[in-house]
>>> print(open('query-v4.tsv').read())   # TSV, C-alpha atoms
chain	number	residue	atom	x	y	z
A	1	MET	CA	-40.96	-44.90	34.43
A	2	THR	CA	-37.95	-43.84	36.47
A	3	GLY	CA	-35.16	-45.60	38.26
A	4	ASN	CA	-36.34	-44.00	41.51
A	5	THR	CA	-39.54	-46.01	41.29
A	6	TYR	CA	-38.59	-49.35	39.74
A	7	GLY	CA	-35.60	-51.68	39.72
A	8	PHE	CA	-33.30	-52.15	36.73
A	9	ASP	CA	-34.84	-55.35	35.38
A	10	THR	CA	-38.35	-53.92	35.67
A	11	LEU	CA	-37.30	-50.86	33.68
A	12	ALA	CA	-35.55	-53.04	31.08
A	13	ILE	CA	-38.77	-54.96	30.47
A	14	HIS	CA	-41.38	-52.20	30.80
A	15	ALA	CA	-39.93	-48.70	30.19
A	16	GLY	CA	-41.27	-47.38	26.89
A	17	GLN	CA	-43.07	-50.67	26.34
A	18	GLU	CA	-46.66	-50.26	27.50
A	19	PRO	CA	-49.10	-52.69	25.83
A	20	ASP	CA	-50.36	-51.39	22.49
A	21	PRO	CA	-53.53	-49.35	23.27
A	22	ARG	CA	-55.36	-50.52	20.13
A	23	THR	CA	-54.69	-54.28	20.16
A	24	GLY	CA	-53.26	-54.97	23.61
A	25	ALA	CA	-50.05	-56.38	22.08
A	26	VAL	CA	-47.56	-56.80	24.93
A	27	VAL	CA	-44.53	-56.34	22.67
A	28	PRO	CA	-44.21	-52.93	20.95
A	29	PRO	CA	-45.05	-53.27	17.25
A	30	ILE	CA	-42.48	-52.77	14.51
A	31	TYR	CA	-43.65	-49.64	12.71
A	32	GLN	CA	-41.99	-50.47	9.39
A	33	THR	CA	-42.99	-47.26	7.66
A	34	SER	CA	-41.17	-44.28	6.24
A	35	THR	CA	-44.03	-41.77	6.45
A	36	TYR	CA	-47.36	-41.15	8.21
A	37	ALA	CA	-50.78	-39.88	7.15
A	38	GLN	CA	-51.49	-36.46	8.65
A	39	ASP	CA	-54.89	-35.38	9.93
A	40	ALA	CA	-54.58	-31.96	8.31
A	41	VAL	CA	-51.89	-29.66	6.97
A	42	GLY	CA	-49.63	-28.89	9.91
A	43	ALA	CA	-51.34	-31.49	12.12
A	44	PRO	CA	-49.37	-34.74	12.10
A	45	ARG	CA	-51.03	-37.51	14.10
A	46	LEU	CA	-49.29	-37.91	17.49
A	47	GLY	CA	-46.45	-35.81	16.09
A	48	TYR	CA	-45.29	-38.43	13.58
A	49	GLU	CA	-44.59	-37.24	10.06
A	50	TYR	CA	-41.42	-38.96	8.75
A	51	SER	CA	-39.45	-41.85	10.26
A	52	ARG	CA	-36.07	-40.14	10.24
A	53	SER	CA	-37.56	-37.57	12.59
A	54	GLY	CA	-39.62	-39.97	14.69
A	55	ASN	CA	-40.77	-43.58	14.72
A	56	PRO	CA	-42.81	-45.25	17.51
A	57	THR	CA	-40.55	-48.32	17.68
A	58	ARG	CA	-37.44	-46.19	17.96
A	59	ASP	CA	-39.16	-43.97	20.51
A	60	ALA	CA	-39.87	-47.04	22.67
A	61	LEU	CA	-36.19	-47.98	22.56
A	62	GLN	CA	-35.09	-44.44	23.32
A	63	GLU	CA	-37.36	-44.17	26.34
A	64	CYS	CA	-36.05	-47.48	27.66
A	65	LEU	CA	-32.41	-46.45	27.13
A	66	ALA	CA	-32.94	-43.26	29.12
A	67	ALA	CA	-34.62	-45.20	31.93
A	68	ILE	CA	-31.94	-47.87	32.35
A	69	GLU	CA	-29.11	-45.29	32.26
A	70	GLY	CA	-30.83	-42.88	34.63
A	71	GLY	CA	-30.82	-40.11	32.02
A	72	ARG	CA	-33.33	-37.57	30.77
A	73	ARG	CA	-33.23	-38.29	27.02
A	74	GLY	CA	-32.20	-41.37	25.06
A	75	LEU	CA	-31.39	-41.33	21.35
A	76	ALA	CA	-30.79	-44.33	19.10
A	77	PHE	CA	-28.50	-44.43	16.07
A	78	ALA	CA	-27.48	-46.69	13.21
A	79	SER	CA	-24.17	-47.58	14.91
A	80	GLY	CA	-22.03	-46.65	17.88
A	81	LEU	CA	-19.77	-44.55	15.67
A	82	ALA	CA	-22.79	-42.72	14.22
A	83	ALA	CA	-23.74	-41.81	17.78
A	84	GLU	CA	-20.17	-40.66	18.51
A	85	ASP	CA	-20.02	-38.50	15.37
A	86	THR	CA	-23.37	-36.90	16.16
A	87	LEU	CA	-22.25	-36.09	19.69
A	88	LEU	CA	-19.01	-34.47	18.53
A	89	ARG	CA	-20.69	-32.26	15.96
A	90	ALA	CA	-23.49	-31.35	18.34
A	91	VAL	CA	-21.32	-30.09	21.21
A	92	CYS	CA	-18.07	-29.09	19.47
A	93	ARG	CA	-17.11	-26.57	16.81
A	94	PRO	CA	-14.04	-26.30	14.56
A	95	GLY	CA	-11.22	-25.03	16.74
A	96	ASP	CA	-12.42	-26.84	19.85
A	97	HIS	CA	-10.35	-29.42	21.70
A	98	VAL	CA	-11.20	-32.81	23.24
A	99	VAL	CA	-9.26	-34.95	25.72
A	100	ILE	CA	-9.50	-38.67	24.87
A	101	PRO	CA	-8.06	-41.84	26.46
A	102	ASP	CA	-4.61	-42.94	25.36
A	103	ASP	CA	-6.05	-46.44	24.91
A	104	ALA	CA	-9.36	-45.59	23.24
A	105	TYR	CA	-11.25	-47.98	20.99
A	106	GLY	CA	-9.64	-48.07	17.54
A	107	GLY	CA	-12.76	-46.85	15.77
A	108	THR	CA	-13.01	-43.88	18.12
A	109	TYR	CA	-9.36	-43.03	17.49
A	110	ARG	CA	-9.97	-43.25	13.74
A	111	LEU	CA	-13.01	-40.96	14.04
A	112	PHE	CA	-10.92	-38.32	15.83
A	113	SER	CA	-7.73	-38.65	13.79
A	114	LYS	CA	-9.14	-39.16	10.29
A	115	VAL	CA	-12.53	-37.44	10.35
A	116	ALA	CA	-13.02	-34.92	13.16
A	117	GLU	CA	-9.48	-33.58	12.84
A	118	ASN	CA	-10.15	-32.71	9.19
A	119	TRP	CA	-13.27	-30.86	10.34
A	120	GLY	CA	-11.07	-28.70	12.60
A	121	LEU	CA	-11.42	-30.50	15.92
A	122	ASP	CA	-8.22	-30.92	17.92
A	123	TRP	CA	-7.63	-33.70	20.45
A	124	THR	CA	-5.08	-34.93	22.95
A	125	ALA	CA	-4.72	-38.53	24.14
A	126	VAL	CA	-3.78	-38.97	27.80
A	127	PRO	CA	-4.17	-41.69	30.45
A	128	LEU	CA	-7.49	-40.74	31.99
A	129	ASN	CA	-6.60	-42.51	35.24
A	130	ASP	CA	-3.97	-39.81	35.82
A	131	LEU	CA	-5.91	-36.66	36.74
A	132	ASP	CA	-2.80	-34.50	36.74
A	133	LYS	CA	-2.16	-35.39	33.10
A	134	VAL	CA	-5.80	-34.79	32.23
A	135	ARG	CA	-5.65	-31.35	33.83
A	136	ALA	CA	-2.37	-30.57	32.07
A	137	ALA	CA	-3.97	-31.44	28.72
A	138	PHE	CA	-6.80	-28.93	29.20
A	139	ARG	CA	-6.82	-25.78	27.07
A	140	PRO	CA	-9.08	-23.35	28.92
A	141	GLY	CA	-11.61	-21.82	26.59
A	142	HIS	CA	-11.02	-24.49	23.92
A	143	THR	CA	-11.36	-27.88	25.62
A	144	ARG	CA	-15.02	-28.67	25.22
A	145	LEU	CA	-15.16	-32.31	26.18
A	146	ILE	CA	-13.50	-35.13	28.09
A	147	TRP	CA	-14.17	-38.35	26.23
A	148	ALA	CA	-13.86	-41.34	28.56
A	149	GLU	CA	-14.11	-45.10	28.28
A	150	THR	CA	-14.25	-47.13	31.46
A	151	PRO	CA	-13.34	-49.92	31.29
A	152	THR	CA	-11.31	-49.13	28.19
A	153	ASN	CA	-11.17	-51.24	25.05
A	154	PRO	CA	-9.06	-53.42	25.03
A	155	LEU	CA	-6.72	-52.73	27.98
A	156	LEU	CA	-9.51	-52.53	30.56
A	157	ASN	CA	-8.16	-49.46	32.30
A	158	ILE	CA	-10.48	-47.66	34.70
A	159	ALA	CA	-11.25	-43.95	34.87
A	160	ASP	CA	-12.77	-42.24	37.91
A	161	ILE	CA	-16.03	-40.90	36.49
A	162	ALA	CA	-16.84	-38.58	39.39
A	163	ALA	CA	-13.34	-37.08	39.40
A	164	LEU	CA	-13.37	-36.53	35.63
A	165	ALA	CA	-16.82	-34.95	35.84
A	166	GLY	CA	-15.60	-32.53	38.51
A	167	LEU	CA	-12.57	-31.60	36.41
A	168	ALA	CA	-14.59	-31.13	33.22
A	169	HIS	CA	-17.18	-28.94	34.94
A	170	GLU	CA	-14.46	-26.86	36.58
A	171	TYR	CA	-13.44	-25.78	33.08
A	172	ASP	CA	-17.01	-25.47	31.77
A	173	ALA	CA	-16.55	-28.61	29.67
A	174	LEU	CA	-18.62	-31.77	29.37
A	175	LEU	CA	-17.88	-35.36	30.30
A	176	ALA	CA	-18.94	-38.09	27.86
A	177	VAL	CA	-18.54	-41.70	28.98
A	178	ASP	CA	-18.52	-44.67	26.64
A	179	ASN	CA	-20.28	-47.25	28.83
A	180	THR	CA	-20.29	-50.06	26.27
A	181	PHE	CA	-17.96	-52.46	28.13
A	182	ALA	CA	-19.78	-52.14	31.45
A	183	SER	CA	-23.40	-51.85	30.24
A	184	PRO	CA	-26.02	-49.88	32.21
A	185	TYR	CA	-26.60	-52.93	34.39
A	186	LEU	CA	-23.12	-52.72	35.93
A	187	GLN	CA	-22.47	-48.95	35.76
A	188	GLN	CA	-24.49	-45.76	35.33
A	189	PRO	CA	-22.13	-42.85	34.64
A	190	ILE	CA	-24.80	-40.14	34.86
A	191	GLY	CA	-25.16	-40.94	38.55
A	192	PHE	CA	-21.46	-40.04	38.97
A	193	GLY	CA	-21.73	-36.72	37.13
A	194	ALA	CA	-21.34	-37.60	33.43
A	195	ASP	CA	-23.21	-35.32	31.02
A	196	VAL	CA	-23.79	-37.90	28.29
A	197	VAL	CA	-23.37	-41.66	27.97
A	198	ILE	CA	-22.40	-43.41	24.75
A	199	HIS	CA	-23.14	-46.99	23.75
A	200	SER	CA	-22.53	-49.30	20.90
A	201	THR	CA	-25.85	-51.07	21.38
A	202	THR	CA	-24.48	-53.74	19.06
A	203	LYS	CA	-22.69	-55.12	22.10
A	204	TYR	CA	-24.19	-56.01	25.50
A	205	ILE	CA	-27.40	-54.01	25.11
A	206	GLY	CA	-28.43	-55.89	21.94
A	207	GLY	CA	-26.59	-58.93	23.22
A	208	HIS	CA	-27.21	-61.44	20.43
A	209	SER	CA	-24.80	-60.40	17.62
A	210	ASP	CA	-27.72	-59.83	15.27
A	211	VAL	CA	-28.08	-56.04	15.11
A	212	VAL	CA	-25.83	-52.98	14.79
A	213	GLY	CA	-26.71	-49.79	16.64
A	214	GLY	CA	-25.60	-46.95	18.88
A	215	ALA	CA	-27.04	-44.69	21.55
A	216	LEU	CA	-26.58	-41.42	23.38
A	217	ILE	CA	-28.21	-40.76	26.74
A	218	ALA	CA	-28.21	-37.16	27.97
A	219	ALA	CA	-28.22	-36.19	31.63
A	220	ASN	CA	-30.35	-33.08	31.14
A	221	ASP	CA	-33.13	-31.88	28.89
A	222	GLU	CA	-31.19	-29.04	27.27
A	223	LEU	CA	-28.39	-31.30	26.07
A	224	GLY	CA	-30.97	-33.90	25.09
A	225	GLU	CA	-32.74	-31.41	22.85
A	226	GLN	CA	-29.45	-30.36	21.27
A	227	LEU	CA	-28.53	-33.97	20.51
A	228	ALA	CA	-32.03	-34.76	19.23
A	229	PHE	CA	-31.84	-31.84	16.79
A	230	HIS	CA	-28.57	-33.18	15.39
A	231	GLN	CA	-29.87	-36.74	15.32
A	232	ASN	CA	-32.64	-35.58	12.97
A	233	ALA	CA	-30.51	-33.12	11.01
A	234	MET	CA	-27.66	-35.60	10.43
A	235	GLY	CA	-30.00	-38.54	9.98
A	236	ALA	CA	-27.92	-41.48	11.20
A	237	VAL	CA	-30.89	-43.17	12.88
A	238	ASN	CA	-31.52	-46.88	13.15
A	239	GLY	CA	-34.45	-48.52	11.39
A	240	PRO	CA	-37.54	-49.78	13.22
A	241	PHE	CA	-36.61	-53.47	13.00
A	242	ASP	CA	-33.13	-52.73	14.37
A	243	ALA	CA	-34.73	-50.73	17.19
A	244	TRP	CA	-37.11	-53.62	17.92
A	245	LEU	CA	-34.26	-56.17	18.05
A	246	THR	CA	-32.28	-53.92	20.39
A	247	LEU	CA	-35.28	-53.42	22.65
A	248	ARG	CA	-35.79	-57.18	22.77
A	249	GLY	CA	-32.17	-57.61	23.81
A	250	ILE	CA	-32.49	-55.09	26.65
A	251	LYS	CA	-35.19	-57.20	28.32
A	252	THR	CA	-32.63	-59.86	29.29
A	253	LEU	CA	-29.65	-57.57	29.85
A	254	GLY	CA	-29.59	-58.04	33.62
A	255	VAL	CA	-29.72	-61.83	33.62
A	256	ARG	CA	-27.21	-62.04	30.78
A	257	MET	CA	-24.75	-59.76	32.53
A	258	ASP	CA	-24.89	-61.86	35.67
A	259	ARG	CA	-23.85	-64.92	33.67
A	260	HIS	CA	-21.20	-62.99	31.71
A	261	CYS	CA	-19.68	-61.90	35.01
A	262	ASP	CA	-19.91	-65.36	36.60
A	263	ASN	CA	-18.15	-66.96	33.64
A	264	ALA	CA	-15.53	-64.22	33.37
A	265	GLU	CA	-14.57	-64.56	37.02
A	266	ARG	CA	-14.00	-68.30	36.61
A	267	ILE	CA	-11.91	-67.74	33.49
A	268	VAL	CA	-9.81	-65.00	35.12
A	269	THR	CA	-8.95	-67.36	37.96
A	270	TYR	CA	-7.90	-70.00	35.44
A	271	LEU	CA	-5.84	-67.66	33.25
A	272	ARG	CA	-4.06	-66.02	36.18
A	273	ASP	CA	-2.33	-69.29	37.06
A	274	HIS	CA	-1.57	-70.52	33.53
A	275	ALA	CA	2.06	-70.67	32.41
A	276	ALA	CA	1.17	-69.51	28.89
A	277	VAL	CA	-0.32	-66.26	30.21
A	278	GLY	CA	2.01	-63.42	31.12
A	279	GLN	CA	-0.55	-60.96	32.50
A	280	VAL	CA	-4.32	-60.89	32.96
A	281	LEU	CA	-6.11	-57.55	32.59
A	282	TYR	CA	-9.40	-57.52	34.48
A	283	PRO	CA	-10.66	-54.82	36.85
A	284	GLY	CA	-12.04	-57.43	39.23
A	285	LEU	CA	-8.52	-58.46	40.23
A	286	GLU	CA	-7.32	-56.74	43.38
A	287	SER	CA	-3.94	-56.33	41.67
A	288	HIS	CA	-5.55	-54.24	38.90
A	289	PRO	CA	-4.49	-50.58	39.38
A	290	GLY	CA	-8.08	-49.42	38.88
A	291	HIS	CA	-9.73	-52.06	41.05
A	292	GLU	CA	-10.75	-49.77	43.92
A	293	ILE	CA	-12.31	-47.18	41.60
A	294	ALA	CA	-14.05	-49.89	39.59
A	295	ALA	CA	-15.48	-51.36	42.79
A	296	LYS	CA	-16.82	-47.91	43.69
A	297	GLN	CA	-18.61	-47.24	40.41
A	298	MET	CA	-19.41	-50.73	39.07
A	299	SER	CA	-21.66	-53.34	40.69
A	300	ARG	CA	-19.55	-56.13	39.13
A	301	PHE	CA	-16.59	-56.19	36.76
A	302	GLY	CA	-18.00	-57.38	33.46
A	303	GLY	CA	-17.47	-60.09	30.88
A	304	MET	CA	-14.45	-58.66	29.05
A	305	ILE	CA	-10.96	-60.03	29.73
A	306	SER	CA	-7.66	-59.25	28.05
A	307	PHE	CA	-4.41	-61.09	28.60
A	308	ARG	CA	-0.87	-60.99	27.29
A	309	ALA	CA	0.60	-64.20	25.94
A	310	ALA	CA	3.79	-65.20	27.73
A	311	GLY	CA	5.25	-66.42	24.43
A	312	GLY	CA	4.81	-63.10	22.64
A	313	PRO	CA	2.86	-62.00	19.54
A	314	GLU	CA	3.16	-65.27	17.63
A	315	GLN	CA	1.75	-67.23	20.53
A	316	ALA	CA	-1.08	-64.71	20.93
A	317	ILE	CA	-2.08	-65.22	17.30
A	318	ASN	CA	-1.83	-69.01	17.62
A	319	ILE	CA	-4.11	-68.98	20.67
A	320	CYS	CA	-6.70	-66.98	18.72
A	321	ASN	CA	-6.49	-69.41	15.81
A	322	ARG	CA	-6.85	-72.55	17.94
A	323	THR	CA	-10.03	-71.94	19.92
A	324	LYS	CA	-13.20	-73.78	18.92
A	325	LEU	CA	-15.97	-72.47	21.17
A	326	PHE	CA	-14.46	-68.99	21.39
A	327	VAL	CA	-15.25	-67.71	17.90
A	328	LEU	CA	-12.49	-65.70	16.22
A	329	ALA	CA	-14.39	-62.52	15.43
A	330	GLU	CA	-14.56	-58.80	16.05
A	331	SER	CA	-17.24	-57.24	18.26
A	332	LEU	CA	-18.18	-58.28	21.79
A	333	GLY	CA	-21.00	-58.55	24.28
A	334	GLY	CA	-23.04	-61.29	22.62
A	335	VAL	CA	-24.29	-64.49	24.20
A	336	GLU	CA	-21.55	-66.42	22.40
A	337	SER	CA	-17.90	-66.15	23.45
A	338	LEU	CA	-15.51	-64.38	21.08
A	339	ILE	CA	-11.73	-64.13	20.90
A	340	GLU	CA	-9.64	-61.66	18.93
A	341	HIS	CA	-6.17	-60.25	18.42
A	342	PRO	CA	-6.78	-56.49	18.88
A	343	GLY	CA	-3.53	-55.41	17.24
A	344	GLN	CA	-4.54	-56.96	13.91
A	345	MET	CA	-8.29	-56.72	14.22
A	346	THR	CA	-10.37	-54.12	16.12
A	347	HIS	CA	-7.42	-51.80	16.83
A	348	LEU	CA	-5.50	-52.09	13.56
A	349	SER	CA	-6.41	-48.45	12.81
A	350	ALA	CA	-4.28	-47.40	15.81
A	351	ALA	CA	-1.15	-49.23	14.58
A	352	GLY	CA	1.87	-46.93	14.56
A	353	SER	CA	0.13	-44.34	16.74
A	354	PRO	CA	0.52	-43.59	20.45
A	355	LEU	CA	-2.65	-45.68	20.92
A	356	GLU	CA	-1.16	-48.84	19.42
A	357	VAL	CA	-1.97	-51.90	21.55
A	358	PRO	CA	0.58	-54.57	22.52
A	359	ALA	CA	1.12	-57.20	19.84
A	360	ASP	CA	0.94	-60.01	22.41
A	361	LEU	CA	-2.54	-58.99	23.58
A	362	VAL	CA	-5.56	-61.30	23.33
A	363	ARG	CA	-9.09	-60.08	24.09
A	364	LEU	CA	-11.92	-62.32	25.23
A	365	SER	CA	-15.61	-61.50	25.20
A	366	VAL	CA	-16.88	-64.16	27.57
A	367	GLY	CA	-20.33	-65.42	26.64
A	368	ILE	CA	-22.99	-67.24	28.61
A	369	GLU	CA	-22.16	-70.82	27.61
A	370	THR	CA	-21.45	-73.54	30.16
A	371	VAL	CA	-18.26	-72.24	31.75
A	372	ASP	CA	-16.57	-75.65	32.01
A	373	ASP	CA	-16.79	-75.94	28.22
A	374	LEU	CA	-15.18	-72.53	27.80
A	375	LEU	CA	-12.38	-73.46	30.21
A	376	ALA	CA	-11.74	-76.69	28.29
A	377	ASP	CA	-11.53	-74.74	25.04
A	378	LEU	CA	-9.00	-72.32	26.50
A	379	GLU	CA	-7.01	-75.23	27.91
A	380	GLN	CA	-6.54	-76.82	24.51
A	381	ALA	CA	-5.84	-73.46	22.83
A	382	LEU	CA	-3.28	-72.35	25.41
A	383	GLY	CA	-1.68	-75.76	25.57
>>> encode(input="query-v4.tsv", output="structure tokens")
Amino acid sequence: MTGNTYGFDTLAIHAGQEPDPRTGAVVPPIYQTSTYAQDAVGAPRLGYEYSRSGNPTRDALQECLAAIEGGRRGLAFASGLAAEDTLLRAVCRPGDHVVIPDDAYGGTYRLFSKVAENWGLDWTAVPLNDLDKVRAAFRPGHTRLIWAETPTNPLLNIADIAALAGLAHEYDALLAVDNTFASPYLQQPIGFGADVVIHSTTKYIGGHSDVVGGALIAANDELGEQLAFHQNAMGAVNGPFDAWLTLRGIKTLGVRMDRHCDNAERIVTYLRDHAAVGQVLYPGLESHPGHEIAAKQMSRFGGMISFRAAGGPEQAINICNRTKLFVLAESLGGVESLIEHPGQMTHLSAAGSPLEVPADLVRLSVGIETVDDLLADLEQALG
């Protein structure tokens, strides 16, 4: 199934998910097995021999991921960071260089600064919405990859995917885009020239805060084969039940994202006029510096909102501690609304670095609850 033939929601429900040919089961079975009987030496049945290398449930998920992102090859992993690590070691070598956002996710920063750097990979953090600074950071012959997030976590900055792709390809480098905040429903980076898309499928793709996973989607077959080799060789795959849960979540991704966006827009309007809020960060606001680019490459602006507390860091922490419906928790993208203080939670690993986030920042993952209840909860917490 391809995006040229079917719409997004049809692909989300059907791609990789044909009824089981033996029983007619509409939902792909969970193949909870580690190994497979072979018909003869050197003749594995349907190519399956060991579940690290291939599993029918994971294959169904991978086919669906490729379809909804408009890519050629989807690969599923045990976590988003496992996917990121596999990508880096597949396309980079010791001595190579990567350009990353200066407001990257804290776990990504930790992966570069504490793991990949020890392996011999160099990196430079720059604002990816400033193409002159991105170009200035390039080291011809050594820069292998631009690593982009758009929107970024947690400052919701926007990068121009098409412009970054053009710049990367000019220097014979690749563009990788972390599409976790937007989801494939709102944004498909491969259509704008990205070479590979990254997801923490734990977030919007899974959508129910009940499974951890990651994904890579390659734009072409050659890169897909390279990534698949490393997926098997490094082994950080997800299990069949995790793959099944993620595939179940994808089926409702479109309808969930519509509600996430509806609720977020109402909450942004409320926060923008509240005396306790100093600044609202949301790409759907016309005042957002990346609004025009976001409108070009996103169908809507998502369910993530950050804001700065007018009363400073102490007030930001108090707001996080006072909500009742907004659960104080890390992660994002589930059906329930979450609130967090990035500086002391998801981005603590970036403290003291150039990627440190403001101490007065609050991040909301707006769920799909009744929006008036969410607004009432924010009213009492902000008040």
>>> closest_residue(input="query-v4.tsv", among="A:Gly235, A:Gly106, A:Gly254, A:Pro313", to="A:Phe8", atoms="only C-alpha atoms")
A:Gly254
>>> closest_atom_pairs(input="query-v4.tsv", of="stretch 227-264 of chain A", to="stretch 275-286 of chain A", cutoff="12 Å", atoms="only C-alpha atoms", output="tab-separated table")
residue	atom	partner	partner_atom	distance
A:Cys261	CA	A:Gly284	CA	9.8
A:Asp262	CA	A:Gly284	CA	11.5
A:Ala264	CA	A:Tyr282	CA	9.1
>>> residues_around(input="query-v4.tsv", residues="A:His97", least_positions_apart="4", cutoff="8 Å", atoms="all atoms listed in the file", output="PyMOL selection string")
chain A and resi 121-124+139+142-145
>>> closest_residue(input="query-v4.tsv", among="A:Phe241, A:Tyr270, A:Trp119, A:Tyr105", to="A:Thr346", atoms="all atoms listed in the file")
A:Tyr105
>>> closest_residue(input="query-v4.tsv", among="A:Gly343, A:Gly7, A:Gly383, A:Pro56", to="A:Asn153", atoms="only C-alpha atoms")
A:Gly343
>>> atom_distance(input="query-v4.tsv", atom1="atom CA of A:His199", atom2="atom CA of A:Pro19")
26.7 Å
>>> closest_residue(input="query-v4.tsv", among="A:Thr180, A:Arg73, A:Gly239, A:His169", to="A:Gly54", atoms="all atoms listed in the file")
A:Gly239
>>> residues_around(input="query-v4.tsv", residues="stretch 182-189 of chain A", least_positions_apart="2", cutoff="9 Å", atoms="only C-alpha atoms", output="PyMOL selection string")
chain A and resi 8-9+65+68-70+150-151+161-162+176-180+191-197+199+203-205+253-254+257+297-304
>>> residues_around(input="query-v4.tsv", residues="A:Gly16", least_positions_apart="3", cutoff="10 Å", atoms="all atoms listed in the file", output="MDAnalysis selection string")
chainID A and resid 1 11:13 19 28 56:67 247
>>> atom_distance(input="query-v4.tsv", atom1="atom CA of A:Leu378", atom2="atom CA of A:Asn318")
11.9 Å
>>> closest_residue(input="query-v4.tsv", among="A:Ala316, A:Gln38, A:Tyr171, A:Ile339", to="A:Arg135", atoms="only C-alpha atoms")
A:Tyr171
>>> closest_residue(input="query-v4.tsv", among="A:Asp160, A:Asp258, A:Ala381, A:Val357", to="A:Ile317", atoms="only C-alpha atoms")
A:Ala381
>>> residues_around(input="query-v4.tsv", residues="stretch 99-101 of chain A", least_positions_apart="3", cutoff="8 Å", atoms="all atoms listed in the file", output="PDB file with C-alpha atoms, in the frame of the given file")
ATOM      1  CA  ALA A 104      -9.360 -45.590  23.240  1.00  0.00           C
ATOM      2  CA  TRP A 123      -7.630 -33.700  20.450  1.00  0.00           C
ATOM      3  CA  THR A 124      -5.080 -34.930  22.950  1.00  0.00           C
ATOM      4  CA  ALA A 125      -4.720 -38.530  24.140  1.00  0.00           C
ATOM      5  CA  VAL A 126      -3.780 -38.970  27.800  1.00  0.00           C
ATOM      6  CA  PRO A 127      -4.170 -41.690  30.450  1.00  0.00           C
ATOM      7  CA  LEU A 128      -7.490 -40.740  31.990  1.00  0.00           C
ATOM      8  CA  VAL A 134      -5.800 -34.790  32.230  1.00  0.00           C
ATOM      9  CA  ALA A 137      -3.970 -31.440  28.720  1.00  0.00           C
ATOM     10  CA  PHE A 138      -6.800 -28.930  29.200  1.00  0.00           C
ATOM     11  CA  THR A 143     -11.360 -27.880  25.620  1.00  0.00           C
ATOM     12  CA  LEU A 145     -15.160 -32.310  26.180  1.00  0.00           C
ATOM     13  CA  ILE A 146     -13.500 -35.130  28.090  1.00  0.00           C
ATOM     14  CA  TRP A 147     -14.170 -38.350  26.230  1.00  0.00           C
ATOM     15  CA  ALA A 148     -13.860 -41.340  28.560  1.00  0.00           C
ATOM     16  CA  GLU A 149     -14.110 -45.100  28.280  1.00  0.00           C
TER      17      GLU A 149
END
>>> atom_distance(input="query-v4.tsv", atom1="atom CA of A:Ala350", atom2="atom CA of A:Asp102")
10.5 Å
>>> closest_atom_pairs(input="query-v4.tsv", of="stretch 177-220 of chain A", to="stretch 334-337 of chain A", cutoff="6 Å", atoms="all atoms listed in the file", output="CSV")
residue,atom,partner,partner_atom,distance
A:Gly207,CA,A:Gly334,CA,4.3
A:His208,CA,A:Gly334,CA,4.7
A:Ser209,CA,A:Gly334,CA,5.4
>>> residues_near_point(input="query-v4.tsv", point="(-12.8, -33.2, 13.0)", cutoff="12 Å", atoms="all atoms listed in the file", output="PyMOL selection string")
chain A and resi 84-89+92-98+108-123
>>> write_last_selection(input="query-v4.tsv", atoms="C-alpha atoms", output="tab-separated table (two decimals), keeping the file's coordinate frame")
chain	number	residue	atom	x	y	z
A	84	GLU	CA	-20.17	-40.66	18.51
A	85	ASP	CA	-20.02	-38.50	15.37
A	86	THR	CA	-23.37	-36.90	16.16
A	87	LEU	CA	-22.25	-36.09	19.69
A	88	LEU	CA	-19.01	-34.47	18.53
A	89	ARG	CA	-20.69	-32.26	15.96
A	92	CYS	CA	-18.07	-29.09	19.47
A	93	ARG	CA	-17.11	-26.57	16.81
A	94	PRO	CA	-14.04	-26.30	14.56
A	95	GLY	CA	-11.22	-25.03	16.74
A	96	ASP	CA	-12.42	-26.84	19.85
A	97	HIS	CA	-10.35	-29.42	21.70
A	98	VAL	CA	-11.20	-32.81	23.24
A	108	THR	CA	-13.01	-43.88	18.12
A	109	TYR	CA	-9.36	-43.03	17.49
A	110	ARG	CA	-9.97	-43.25	13.74
A	111	LEU	CA	-13.01	-40.96	14.04
A	112	PHE	CA	-10.92	-38.32	15.83
A	113	SER	CA	-7.73	-38.65	13.79
A	114	LYS	CA	-9.14	-39.16	10.29
A	115	VAL	CA	-12.53	-37.44	10.35
A	116	ALA	CA	-13.02	-34.92	13.16
A	117	GLU	CA	-9.48	-33.58	12.84
A	118	ASN	CA	-10.15	-32.71	9.19
A	119	TRP	CA	-13.27	-30.86	10.34
A	120	GLY	CA	-11.07	-28.70	12.60
A	121	LEU	CA	-11.42	-30.50	15.92
A	122	ASP	CA	-8.22	-30.92	17.92
A	123	TRP	CA	-7.63	-33.70	20.45
>>> residues_around(input="query-v4.tsv", residues="A:Ala215", least_positions_apart="5", cutoff="9 Å", atoms="only C-alpha atoms", output="PyMOL selection string")
chain A and resi 62+65+74-80+82-84+197-201
